[in-house]
file data-v5.cif (mmCIF, C-alpha atoms)
data_data
loop_
_atom_site.label_atom_id
_atom_site.label_comp_id
_atom_site.auth_asym_id
_atom_site.auth_seq_id
_atom_site.Cartn_x
_atom_site.Cartn_y
_atom_site.Cartn_z
CA MET A 718 28.56 -16.96 -5.24
CA THR A 719 30.30 -13.63 -5.21
CA GLU A 720 28.31 -10.46 -5.34
CA LYS A 721 29.03 -8.26 -8.33
CA VAL A 722 30.38 -4.87 -7.42
CA LEU A 723 29.13 -2.03 -9.54
CA THR A 724 31.30 0.79 -10.70
CA PRO A 725 30.33 4.21 -9.34
CA GLU A 726 28.87 5.08 -12.76
CA GLN A 727 26.78 1.89 -12.83
CA GLN A 728 25.58 2.49 -9.26
CA ALA A 729 24.65 6.09 -10.09
CA PHE A 730 22.66 4.90 -13.11
CA CYS A 731 20.83 2.27 -11.02
CA ASP A 732 20.06 4.84 -8.33
CA LYS A 733 18.68 7.25 -10.93
CA VAL A 734 16.44 4.55 -12.44
CA LYS A 735 15.11 3.62 -8.98
CA ALA A 736 14.47 7.29 -8.17
CA ASP A 737 12.69 7.80 -11.51
CA ILE A 738 10.48 4.77 -10.88
CA GLU A 739 9.60 5.99 -7.39
CA ARG A 740 8.90 9.52 -8.68
CA ASP A 741 6.60 8.08 -11.36
CA LYS A 742 4.71 6.01 -8.77
CA GLN A 743 4.16 9.07 -6.61
CA ALA A 744 3.07 11.19 -9.60
CA GLU A 745 0.38 8.75 -10.78
CA ILE A 746 -3.08 10.21 -10.44
CA PRO A 747 -5.77 7.93 -8.99
CA HIS A 748 -8.35 6.27 -11.24
CA ASP A 749 -11.16 8.37 -9.73
CA GLU A 750 -9.31 11.53 -10.74
CA VAL A 751 -8.89 10.22 -14.30
CA LEU A 752 -12.66 9.63 -14.45
CA LEU A 753 -13.29 13.21 -13.28
CA TRP A 754 -11.03 14.55 -16.04
CA MET A 755 -12.85 12.34 -18.56
CA ASP A 756 -16.19 13.68 -17.36
CA ARG A 757 -14.94 17.24 -17.82
CA ALA A 758 -13.61 16.36 -21.28
CA ARG A 759 -17.12 15.35 -22.36
CA LYS A 760 -18.31 18.92 -21.76
CA VAL A 761 -15.64 20.68 -23.84
CA LYS A 762 -16.80 22.93 -26.66
CA PRO A 763 -14.75 24.17 -29.62
CA GLU A 764 -14.19 27.54 -27.96
CA THR A 765 -12.91 25.94 -24.71
CA LEU A 766 -10.79 23.15 -26.20
CA ASN A 767 -7.42 24.95 -26.18
CA ASP A 768 -7.80 26.11 -22.57
CA PHE A 769 -8.85 22.62 -21.46
CA LEU A 770 -5.89 21.00 -23.24
CA LYS A 771 -3.50 23.47 -21.59
CA GLU A 772 -5.05 22.70 -18.21
CA VAL A 773 -4.65 18.94 -18.74
CA HIS A 774 -1.08 19.46 -19.90
CA ASP A 775 -0.15 21.63 -16.90
CA ALA A 776 -2.26 20.15 -14.08
CA ILE A 777 -1.57 16.44 -14.42
CA PRO A 778 2.02 15.63 -13.43
CA LEU A 779 4.05 13.89 -16.09
CA SER A 780 4.83 10.23 -15.50
CA TYR A 781 4.93 7.00 -17.46
CA GLY A 782 1.26 6.27 -16.75
CA ASN A 783 -0.04 9.81 -16.63
CA ILE A 784 1.06 10.58 -20.19
CA CYS A 785 -1.40 7.88 -21.27
CA HIS A 786 -4.17 9.51 -19.23
CA LYS A 787 -3.30 12.94 -20.62
CA ILE A 788 -3.47 11.75 -24.22
CA ALA A 789 -6.74 9.88 -23.64
CA ILE A 790 -8.32 12.88 -21.92
CA ALA A 791 -7.10 15.26 -24.64
CA SER A 792 -8.39 12.95 -27.38
CA LEU A 793 -11.78 12.68 -25.73
CA ALA A 794 -11.95 16.46 -25.29
CA ALA A 795 -11.11 17.04 -28.96
CA ALA A 796 -13.78 14.56 -30.06
CA TYR A 797 -16.39 16.09 -27.78
CA SER A 798 -15.52 19.60 -28.92
CA PHE A 799 -16.81 18.54 -32.34
CA GLU A 800 -19.75 16.63 -30.87
CA ASN A 801 -20.70 19.67 -28.77
CA SER A 802 -20.56 22.01 -31.78
CA ASP A 803 -23.15 22.81 -34.41
CA GLN A 804 -21.58 19.96 -36.44
CA GLY A 805 -22.24 17.42 -33.67
CA GLY A 806 -24.96 14.92 -32.99
CA ILE A 807 -23.35 11.75 -34.30
CA THR A 808 -24.93 8.33 -33.89
CA GLY A 809 -23.60 5.34 -31.96
CA PHE A 810 -22.59 3.77 -35.26
CA GLN A 811 -20.60 6.88 -36.16
CA SER A 812 -18.99 6.85 -32.70
CA GLY A 813 -17.80 3.32 -33.42
CA ALA A 814 -16.33 4.45 -36.73
CA VAL A 815 -14.49 7.27 -34.92
CA MET A 816 -13.18 4.82 -32.32
CA TRP A 817 -11.90 2.33 -34.89
CA GLY A 818 -10.44 5.10 -37.04
CA PHE A 819 -8.53 6.40 -34.04
CA VAL A 820 -7.43 2.96 -32.80
CA CYS A 821 -6.10 1.93 -36.21
CA ALA A 822 -4.35 5.25 -36.85
CA TRP A 823 -2.89 5.51 -33.34
CA THR A 824 -1.54 1.94 -33.28
CA ARG A 825 -0.74 1.95 -37.01
CA ASP A 826 -2.44 -1.45 -37.14
CA TYR A 827 -5.06 -1.71 -39.88
CA ASP A 828 -5.38 -5.49 -39.74
CA PRO A 829 -8.81 -6.93 -38.84
CA GLN A 830 -9.54 -6.36 -35.17
CA LYS A 831 -12.34 -7.05 -32.76
CA PHE A 832 -13.38 -5.19 -29.67
CA ILE A 833 -14.59 -7.69 -27.09
CA HIS A 834 -17.08 -6.48 -24.53
CA TYR A 835 -17.12 -9.31 -22.02
CA LYS A 836 -20.31 -8.01 -20.46
CA ASP A 837 -22.03 -9.40 -23.57
CA MET A 838 -21.27 -12.87 -22.17
CA LEU A 839 -24.13 -12.27 -19.74
CA TYR A 840 -26.60 -12.60 -22.64
CA PRO A 841 -26.95 -15.94 -24.44
CA GLN A 842 -28.00 -14.29 -27.71
CA MET A 843 -24.50 -12.77 -27.91
CA ASP A 844 -22.72 -16.14 -28.17
CA TYR A 845 -21.84 -15.52 -31.82
CA LYS A 846 -19.45 -12.75 -30.73
CA PHE A 847 -17.27 -15.33 -28.99
CA THR A 848 -17.51 -18.28 -31.39
CA THR A 849 -17.48 -17.01 -34.96
CA ILE A 850 -15.10 -15.39 -37.40
CA SER A 851 -16.10 -13.72 -40.66
CA GLN A 852 -15.24 -15.26 -44.03
CA GLU A 853 -13.24 -12.13 -44.88
CA THR A 854 -11.22 -12.27 -41.66
CA PHE A 855 -10.45 -15.98 -42.10
CA ALA A 856 -9.27 -15.35 -45.68
CA TRP A 857 -7.07 -12.57 -44.33
CA LEU A 858 -5.69 -14.95 -41.64
CA GLN A 859 -4.86 -17.55 -44.29
CA ALA A 860 -3.02 -14.98 -46.40
CA GLU A 861 -1.11 -13.70 -43.35
CA ALA A 862 -0.18 -17.26 -42.33
CA LYS A 863 1.12 -17.94 -45.85
CA LYS A 864 3.24 -14.77 -45.70
CA SER A 865 4.49 -15.60 -42.23
CA LEU A 866 5.51 -19.11 -43.22
CA ALA A 867 7.23 -17.85 -46.38
CA ASP A 868 9.10 -15.16 -44.42
CA ASP A 869 10.27 -17.70 -41.85
CA ASN A 870 12.66 -19.57 -44.16
CA SER A 871 11.01 -22.97 -43.76
CA GLY A 872 10.23 -22.62 -40.07
CA LEU A 873 13.76 -21.99 -38.80
CA GLY A 874 12.81 -18.94 -36.73
CA MET A 875 9.37 -19.80 -35.39
CA HIS A 876 8.52 -22.32 -32.73
CA PRO A 877 7.35 -25.63 -34.28
CA ASP A 878 3.92 -25.21 -32.64
CA VAL A 879 3.50 -21.84 -34.36
CA VAL A 880 4.56 -23.30 -37.72
CA ARG A 881 2.10 -26.20 -37.32
CA HIS A 882 -0.71 -23.83 -36.28
CA GLN A 883 -0.12 -21.53 -39.25
CA LYS A 884 0.08 -24.45 -41.68
CA GLU A 885 -3.30 -25.67 -40.36
CA ILE A 886 -4.80 -22.20 -40.98
CA VAL A 887 -3.43 -22.18 -44.54
CA ALA A 888 -4.95 -25.64 -45.04
CA GLY A 889 -8.37 -24.32 -43.99
CA LYS A 890 -8.62 -25.19 -40.29
CA ILE A 891 -10.36 -22.39 -38.44
CA PRO A 892 -8.39 -21.69 -35.23
CA PHE A 893 -9.43 -21.95 -31.61
CA GLY A 894 -12.71 -23.77 -32.19
CA TYR A 895 -14.31 -20.81 -33.97
CA THR A 896 -16.75 -21.32 -36.81
CA LEU A 897 -17.24 -19.25 -39.95
CA GLU A 898 -20.10 -16.79 -40.01
CA ASP A 899 -22.73 -17.36 -42.67
#

call {"tool": "encode", "arguments": {"input": "data-v5.cif", "output": "structure tokens"}}
result
Amino acid sequence: MTEKVLTPEQQAFCDKVKADIERDKQAEIPHDEVLLWMDRARKVKPETLNDFLKEVHDAIPLSYGNICHKIAIASLAAAYSFENSDQGGITGFQSGAVMWGFVCAWTRDYDPQKFIHYKDMLYPQMDYKFTTISQETFAWLQAEAKKSLADDNSGLGMHPDVVRHQKEIVAGKIPFGYTLED
């Protein structure tokens, strides 16, 4: 087998990509440092929010992973600036509503979702979280499967296993051994 020879332009591009990857690896802040920033974000007040955001922006080096940390830290700081104001004092239920509102808006995915906390598997009374699906979610799955099958032009684009699985859902089979909630 002959080795492919790159043009100087191709080699320069490859070298730049490798250098960028290495620079990103070196710029990544350690997990412990992320946790320290998160802890600081929890103490932000409305009057300190802008200064904190500028500090996060300037102090954490930009990289592929760090931008995620920066956005998470900034989001947490903004949320806590409201919580730490005279408008604050929200409940755990309200915190969940904030979290889901943010997750859906950020990902632009408003379909039914479930947050799985695997620590709940330590408690037998939590088994329903891992074995049941709501009636509303199953009805939504059936409607989505119907749409998916109709959009696939009779199964020409999807793998046959996916087509079979979606047809079973449309026919009323609850997937993955789950049961419907009462």

call {"tool": "residues_around", "arguments": {"input": "data-v5.cif", "residues": "Lys762 of chain A", "least_positions_apart": "4", "cutoff": "9 Å", "atoms": "all atoms listed in the file", "output": "list in words"}}
result
Leu766, Ala794, Ala795, Tyr797, Ser798, Phe799, Glu800, Asn801 and Ser802 of chain A

call {"tool": "atom_distance", "arguments": {"input": "data-v5.cif", "atom1": "atom CA of Tyr845 of chain A", "atom2": "atom CA of Glu898 of chain A"}}
result
8.5 Å

call {"tool": "residues_around", "arguments": {"input": "data-v5.cif", "residues": "Tyr781 of chain A", "least_positions_apart": "3", "cutoff": "8 Å", "atoms": "only C-alpha atoms", "output": "ChimeraX atom specification"}}
result
/A:741,784-785

call {"tool": "write_last_selection", "arguments": {"input": "data-v5.cif", "atoms": "C-alpha atoms", "output": "PDB file, in the frame of the given file"}}
result
ATOM      1  CA  ASP A 741       6.600   8.080 -11.360  1.00  0.00           C
ATOM      2  CA  ILE A 784       1.060  10.580 -20.190  1.00  0.00           C
ATOM      3  CA  CYS A 785      -1.400   7.880 -21.270  1.00  0.00           C
TER       4      CYS A 785
END

call {"tool": "resolve_selection", "arguments": {"input": "data-v5.cif", "expression": "the PyMOL selection byres ((chain A and resi 863) around 12)", "output": "list in words"}}
result
Ala856, Trp857, Leu858, Gln859, Ala860, Glu861, Ala862, Lys864, Ser865, Leu866, Ala867, Asp868, Asp869, Asn870, Ser871, Gly872, Val880, Arg881, His882, Gln883, Lys884, Glu885, Ile886, Val887, Ala888 and Gly889 of chain A

call {"tool": "write_last_selection", "arguments": {"input": "data-v5.cif", "atoms": "C-alpha atoms", "output": "mmCIF file, keeping the file's coordinate frame"}}
result
data_model
loop_
_atom_site.group_PDB
_atom_site.id
_atom_site.type_symbol
_atom_site.label_atom_id
_atom_site.label_comp_id
_atom_site.auth_asym_id
_atom_site.auth_seq_id
_atom_site.Cartn_x
_atom_site.Cartn_y
_atom_site.Cartn_z
ATOM 1 C CA ALA A 856 -9.270 -15.350 -45.680
ATOM 2 C CA TRP A 857 -7.070 -12.570 -44.330
ATOM 3 C CA LEU A 858 -5.690 -14.950 -41.640
ATOM 4 C CA GLN A 859 -4.860 -17.550 -44.290
ATOM 5 C CA ALA A 860 -3.020 -14.980 -46.400
ATOM 6 C CA GLU A 861 -1.110 -13.700 -43.350
ATOM 7 C CA ALA A 862 -0.180 -17.260 -42.330
ATOM 8 C CA LYS A 864 3.240 -14.770 -45.700
ATOM 9 C CA SER A 865 4.490 -15.600 -42.230
ATOM 10 C CA LEU A 866 5.510 -19.110 -43.220
ATOM 11 C CA ALA A 867 7.230 -17.850 -46.380
ATOM 12 C CA ASP A 868 9.100 -15.160 -44.420
ATOM 13 C CA ASP A 869 10.270 -17.700 -41.850
ATOM 14 C CA ASN A 870 12.660 -19.570 -44.160
ATOM 15 C CA SER A 871 11.010 -22.970 -43.760
ATOM 16 C CA GLY A 872 10.230 -22.620 -40.070
ATOM 17 C CA VAL A 880 4.560 -23.300 -37.720
ATOM 18 C CA ARG A 881 2.100 -26.200 -37.320
ATOM 19 C CA HIS A 882 -0.710 -23.830 -36.280
ATOM 20 C CA GLN A 883 -0.120 -21.530 -39.250
ATOM 21 C CA LYS A 884 0.080 -24.450 -41.680
ATOM 22 C CA GLU A 885 -3.300 -25.670 -40.360
ATOM 23 C CA ILE A 886 -4.800 -22.200 -40.980
ATOM 24 C CA VAL A 887 -3.430 -22.180 -44.540
ATOM 25 C CA ALA A 888 -4.950 -25.640 -45.040
ATOM 26 C CA GLY A 889 -8.370 -24.320 -43.990
#

call {"tool": "closest_residue", "arguments": {"input": "data-v5.cif", "among": "A:Ile850, A:Gln728, A:Phe855, A:Gly874", "to": "Tyr895 of chain A", "atoms": "all atoms listed in the file"}}
result
A:Ile850

call {"tool": "closest_residue", "arguments": {"input": "data-v5.cif", "among": "A:Thr719, A:Thr896, A:Asn783, A:Asn767", "to": "Lys846 of chain A", "atoms": "all atoms listed in the file"}}
result
A:Thr896

call {"tool": "resolve_selection", "arguments": {"input": "data-v5.cif", "expression": "the PyMOL selection byres ((chain A and resi 772) around 12)", "output": "number ranges by chain"}}
result
A: 754, 757-758, 765-771, 773-778, 787, 790-791, 794

call {"tool": "atom_distance", "arguments": {"input": "data-v5.cif", "atom1": "atom CA of Ser780 of chain A", "atom2": "atom CA of Ala744 of chain A"}}
result
6.2 Å

call {"tool": "atom_distance", "arguments": {"input": "data-v5.cif", "atom1": "atom CA of Leu897 of chain A", "atom2": "atom CA of Thr854 of chain A"}}
result
9.4 Å

call {"tool": "closest_residue", "arguments": {"input": "data-v5.cif", "among": "A:Asp844, A:Ala796, A:Glu745, A:Phe730", "to": "Arg759 of chain A", "atoms": "all atoms listed in the file"}}
result
A:Ala796
